[in-house]
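Below is one structure, written out as structure tokens; the observations come after it.
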Amino acid sequence: MSATTVQKSAQPDPADPADPVAAPQLVRRGRRGLAATLASHGILTVASLIALFPIAWLLFLSLGPDKDDYLHPGRIWDKMTFDNYAFVLQHTNFFDWMKSSLIVSLGTTVIGVMVAATTGYAVSRMRFPGYRKFMWVLLVTQMFPIAVLIVPMYEILSDLRLIDSYLGLVLVYCSTAVPYCAWLLKGYFDTIPFEIDEAGRVDGLTPFGTFARLILPLAKPGLAVAAFYSFITAFGEVAFASTFMLSDTKYTFAVGLQSFVSEHDAQRNLMAATAVLVAIPVSAFFYLVQKNLVAGLTAGGTKG
């Protein structure tokens with residue numbers, strides 16, 4: 001009886017790391033190679049430097065003592081000084097501008113977010129006649145340029161005796177911030193389950209009680225985005241503020257910066273120093289709301 005032997009075919013074992021002819025392991029889905037990781041980090045680094053360069057350049061120019069140093073920035077290295085900041089804080093209406101800017105910006109934020117939140121919630125939850133057309137009307141109001149709106153708004157504020165008043169400027173800014181914020185918050189409220197409203201009514205809450213005690217705490221990210229948008233809109237606006245505010249002590253920062261540039265002179269070193277100081281309140285406000293900004297910007301994009 002002859003013995004037969006069966007030889008196995010010499011096939012590499014992919015699972016054997018010691019096998020010299022083992023097939024290379026497949027890269028798991030979702031994992032990037034070293035080259036892709038380095039490329040993405042390089043692109044992000046370049047983008048960050050591009051975004052930070054104007055800020056760093058403004059800070060650098062603010063340290064030059066002469067108004068024409070921006071023409072020869074290399075000379076600033078040998079004569080850096082903080083005299084520009086001292087002059088702005090001591091010999092200009094900087095603190096009056098700050099007071100006016102904070103009053104107008106915070107007033108616009110509080111009133112604008114309250115109106116936008118109630119508007120967005122009403123359209124999201126209630127089905128009243130014309131609710132769809134109402135939101136489109138809000139959207140249409142954003143189509144008109146500021147140059148067209150200045151004259152009729154000036155006449156309205158003049159009739160109400162609100163020219164050169166903080167309240168008048170706050171109402172003007174709310175007219176531009178509320179439509180966008182209402183759309184933003186309406187989309188965010190759509191992501192909150194309707195069962196929460198029903199649970200509140202079962203517990204005996206009124207519609208406003210449900211909105212204030214149950215919905216608003218869940219809508220903090222959306223409210224943070226709306227508040228930041230309203231604050232930035234009012235803080236950096238120039239056209240309305242320069243038209244409706246007549247007193248030097250009621251100028252906002254954006255209007256006050258124009259005082260450093262005239263037809264025959266431009267004190268750009270002082271303007272740069274003031275611009276750096278102006279960025280401090282905005283940065284502080286951003287720090288307060290930044291935890292909820294990312295969630296608020298993305299949550300309202302889908303409904304689910």
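Identifiers for the structure tokens are assigned positionally: chains receive A, B, ... in sequence, residues are indexed from 1 per chain, and ligands are indexed from 1 in the order shown.
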Dump as a tab-separated table the rows for residues of stretch 90-158 of chain A within 7 Å of stretch 227-232 of chain A: closest atom pair and distance in Å with one decimal, only C-alpha atoms counted, ordered by chain and rising residue number.
residue	atom	partner	partner_atom	distance
A:Ser105	CA	A:Phe231	CA	5.1
A:Leu106	CA	A:Phe231	CA	6.5
A:Thr108	CA	A:Ser230	CA	6.4
A:Thr109	CA	A:Ser230	CA	5.1
A:Gly112	CA	A:Ser230	CA	6.9
A:Val113	CA	A:Ala227	CA	6.1
Could you build a table of the residues in stretch 78-176 of chain A lying no more than 8 Å from stretch 270-274 of chain A, giving for each the nearest pair of atoms and their separation in Å rounded to one decimal place, using only C-alpha atoms, ordered by chain and ascending residue number, as JSON lines?
{"residue": "A:Asn84", "atom": "CA", "partner": "A:Leu270", "partner_atom": "CA", "distance": 5.6}
{"residue": "A:Tyr85", "atom": "CA", "partner": "A:Ala273", "partner_atom": "CA", "distance": 5.7}
{"residue": "A:Phe87", "atom": "CA", "partner": "A:Leu270", "partner_atom": "CA", "distance": 7.9}
{"residue": "A:Val88", "atom": "CA", "partner": "A:Thr274", "partner_atom": "CA", "distance": 6.7}
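Take atom CA of A:Pro179 and atom CA of A:Ala275: the distance between them is 29.0 Å.
The neighbours of A:Pro65 here are the residues that come within 7 Å of it, using only C-alpha atoms and leaving out any residue fewer than 3 positions away in the same chain; they are Thr81, Asp83, Asn84 and Asn269 of chain A.
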Go ahead and save the residues from that selection, with C-alpha atoms, as a CSV table (one decimal), in the first residue's frame.
chain,number,residue,atom,x,y,z
A,81,THR,CA,6.5,102.2,22.6
A,83,ASP,CA,2.7,105.9,24.1
A,84,ASN,CA,-0.1,105.5,21.6
A,269,ASN,CA,-0.8,104.9,14.8
Using only C-alpha atoms, which of A:Ala212, A:Val276, A:Val148, A:Ala116 sits nearest A:Val225? A:Ala116
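In this model, the gap between atom CA of A:Ala234 and atom CA of A:Val104 comes to 6.7 Å.
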Across A:Leu38, A:Phe82, A:Ile196, A:Tyr154, the smallest distance to A:Leu59, with only C-alpha atoms counted, is shown by A:Phe82
Considering only C-alpha atoms, return as JSON, numbers by chain whatever protein or nucleic-acid residues lie within 12 Å of A:Thr233, sequence-local ones (same chain, fewer than 6 positions apart) excluded. {"A": [101, 104, 105, 106, 107, 108, 109, 112, 169, 170, 172, 173, 174, 175, 176, 177, 178, 180, 181, 226, 227, 239, 240, 241, 254, 282]}
Apply DSSP to the structure's backbone, then extract all residues of stretch 88-252 of chain A labelled helix (DSSP H, G or I) and return them as a PyMOL selection string. chain A and resi 88-91+94-125+131-143+146-159+166-189+195-202+207-218+220-236+239-244+248-250
Could you pull the residues within 9 Å of stretch 121-123 of chain A, counting only C-alpha atoms, minus those fewer than 4 positions along the same chain, as a PyMOL selection string? chain A and resi 116-117+127-128+131-132+134-135+182+185-186+189-190+211+215
Go ahead and dump the residues you just picked, all heavy atoms, as a compact mmCIF listing (two decimals), in the first residue's frame.
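Contents of the output file out33.txt:
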# COMPACT_ATOMS: atom_id res chain seq x y z
N ALA A 116 -36.38 87.79 18.83
CA ALA A 116 -36.12 86.72 17.86
C ALA A 116 -36.49 85.35 18.43
O ALA A 116 -37.01 84.49 17.70
CB ALA A 116 -34.66 86.75 17.45
N ALA A 117 -36.22 85.13 19.72
CA ALA A 117 -36.54 83.84 20.32
C ALA A 117 -38.04 83.60 20.36
O ALA A 117 -38.52 82.51 20.02
CB ALA A 117 -35.95 83.76 21.72
N ARG A 127 -49.33 77.15 14.51
CA ARG A 127 -49.77 77.22 13.12
C ARG A 127 -50.89 78.24 12.99
O ARG A 127 -52.06 77.90 12.97
CB ARG A 127 -50.22 75.83 12.64
CG ARG A 127 -49.11 74.81 12.59
CD ARG A 127 -48.05 75.23 11.59
NE ARG A 127 -46.91 74.31 11.56
CZ ARG A 127 -45.77 74.51 12.19
NH1 ARG A 127 -45.62 75.61 12.93
NH2 ARG A 127 -44.79 73.65 12.09
N PHE A 128 -50.51 79.50 12.90
CA PHE A 128 -51.47 80.59 12.75
C PHE A 128 -51.52 81.00 11.28
O PHE A 128 -50.59 80.71 10.52
CB PHE A 128 -51.08 81.78 13.63
CG PHE A 128 -49.66 82.22 13.45
CD1 PHE A 128 -49.33 83.16 12.49
CD2 PHE A 128 -48.65 81.71 14.27
CE1 PHE A 128 -48.02 83.59 12.33
CE2 PHE A 128 -47.34 82.13 14.10
CZ PHE A 128 -47.02 83.06 13.14
N TYR A 131 -48.26 82.09 8.82
CA TYR A 131 -46.99 81.96 9.54
C TYR A 131 -45.82 81.74 8.57
O TYR A 131 -44.70 82.18 8.83
CB TYR A 131 -47.08 80.84 10.57
CG TYR A 131 -47.01 79.44 10.01
CD1 TYR A 131 -45.82 78.73 9.97
CD2 TYR A 131 -48.16 78.82 9.51
CE1 TYR A 131 -45.76 77.45 9.46
CE2 TYR A 131 -48.11 77.55 9.00
CZ TYR A 131 -46.92 76.86 8.97
OH TYR A 131 -46.87 75.59 8.47
N ARG A 132 -46.07 81.05 7.47
CA ARG A 132 -45.00 80.85 6.49
C ARG A 132 -44.65 82.18 5.79
O ARG A 132 -43.48 82.51 5.61
CB ARG A 132 -45.41 79.81 5.46
CG ARG A 132 -45.52 78.39 6.01
CD ARG A 132 -45.81 77.39 4.91
NE ARG A 132 -45.95 76.05 5.42
CZ ARG A 132 -44.94 75.21 5.63
NH1 ARG A 132 -43.70 75.60 5.35
NH2 ARG A 132 -45.15 74.00 6.11
N PHE A 134 -45.02 85.06 6.97
CA PHE A 134 -44.40 85.95 7.94
C PHE A 134 -42.89 85.78 7.96
O PHE A 134 -42.13 86.76 7.98
CB PHE A 134 -44.98 85.68 9.33
CG PHE A 134 -44.33 86.47 10.43
CD1 PHE A 134 -44.55 87.84 10.55
CD2 PHE A 134 -43.48 85.87 11.33
CE1 PHE A 134 -43.94 88.58 11.56
CE2 PHE A 134 -42.87 86.58 12.34
CZ PHE A 134 -43.11 87.94 12.45
N MET A 135 -42.41 84.53 7.92
CA MET A 135 -40.98 84.30 7.91
C MET A 135 -40.35 84.79 6.61
O MET A 135 -39.21 85.29 6.61
CB MET A 135 -40.69 82.81 8.11
CG MET A 135 -41.07 82.29 9.49
SD MET A 135 -40.22 83.17 10.83
CE MET A 135 -38.53 82.68 10.56
N ALA A 182 -34.22 85.35 14.11
CA ALA A 182 -35.48 84.63 14.15
C ALA A 182 -35.41 83.38 13.26
O ALA A 182 -35.87 82.30 13.64
CB ALA A 182 -36.62 85.53 13.71
N LEU A 185 -33.04 80.83 15.08
CA LEU A 185 -33.64 80.18 16.23
C LEU A 185 -34.83 79.32 15.85
O LEU A 185 -35.09 78.29 16.50
CB LEU A 185 -34.07 81.24 17.26
CG LEU A 185 -32.90 81.97 17.93
CD1 LEU A 185 -33.41 83.09 18.81
CD2 LEU A 185 -32.06 81.00 18.75
N LYS A 186 -35.55 79.69 14.80
CA LYS A 186 -36.64 78.85 14.33
C LYS A 186 -36.10 77.49 13.90
O LYS A 186 -36.68 76.44 14.23
CB LYS A 186 -37.36 79.55 13.19
CG LYS A 186 -38.65 78.88 12.74
CD LYS A 186 -38.44 77.94 11.57
CE LYS A 186 -39.74 77.30 11.11
NZ LYS A 186 -39.54 76.28 10.06
N PHE A 189 -35.19 75.60 17.12
CA PHE A 189 -36.37 75.10 17.85
C PHE A 189 -36.99 73.90 17.14
O PHE A 189 -37.59 73.05 17.80
CB PHE A 189 -37.41 76.21 17.99
CG PHE A 189 -37.01 77.30 18.95
CD1 PHE A 189 -37.28 78.63 18.67
CD2 PHE A 189 -36.37 77.00 20.14
CE1 PHE A 189 -36.91 79.63 19.54
CE2 PHE A 189 -35.98 78.00 21.02
CZ PHE A 189 -36.26 79.31 20.73
N ASP A 190 -36.84 73.82 15.83
CA ASP A 190 -37.36 72.67 15.10
C ASP A 190 -36.66 71.38 15.49
O ASP A 190 -37.23 70.29 15.32
CB ASP A 190 -37.22 72.89 13.59
CG ASP A 190 -38.22 73.91 13.06
OD1 ASP A 190 -39.21 74.20 13.76
OD2 ASP A 190 -37.99 74.45 11.95
N PHE A 211 -42.19 77.60 27.24
CA PHE A 211 -41.11 78.22 26.48
C PHE A 211 -39.98 78.68 27.38
O PHE A 211 -38.80 78.44 27.10
CB PHE A 211 -41.69 79.40 25.69
CG PHE A 211 -40.65 80.29 25.06
CD1 PHE A 211 -39.90 79.84 23.99
CD2 PHE A 211 -40.44 81.57 25.54
CE1 PHE A 211 -38.94 80.67 23.40
CE2 PHE A 211 -39.49 82.39 24.96
CZ PHE A 211 -38.74 81.94 23.89
N ILE A 215 -37.99 75.07 27.08
CA ILE A 215 -37.39 75.19 25.76
C ILE A 215 -36.12 76.04 25.78
O ILE A 215 -35.09 75.66 25.20
CB ILE A 215 -38.41 75.77 24.76
CG1 ILE A 215 -39.65 74.90 24.71
CG2 ILE A 215 -37.78 75.89 23.37
CD1 ILE A 215 -39.40 73.48 24.31
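Proximity to A:Ser158 was assessed for A:Met245, A:Val46, A:Leu218, A:Leu257 counting only C-alpha atoms; the smallest distance is recorded for A:Met245.
The shortest atom-to-atom distance to A:Thr243, with only C-alpha atoms taken into account, belongs to A:Ser165 out of A:Gln90, A:Ser283, A:Ser48, A:Ser165.
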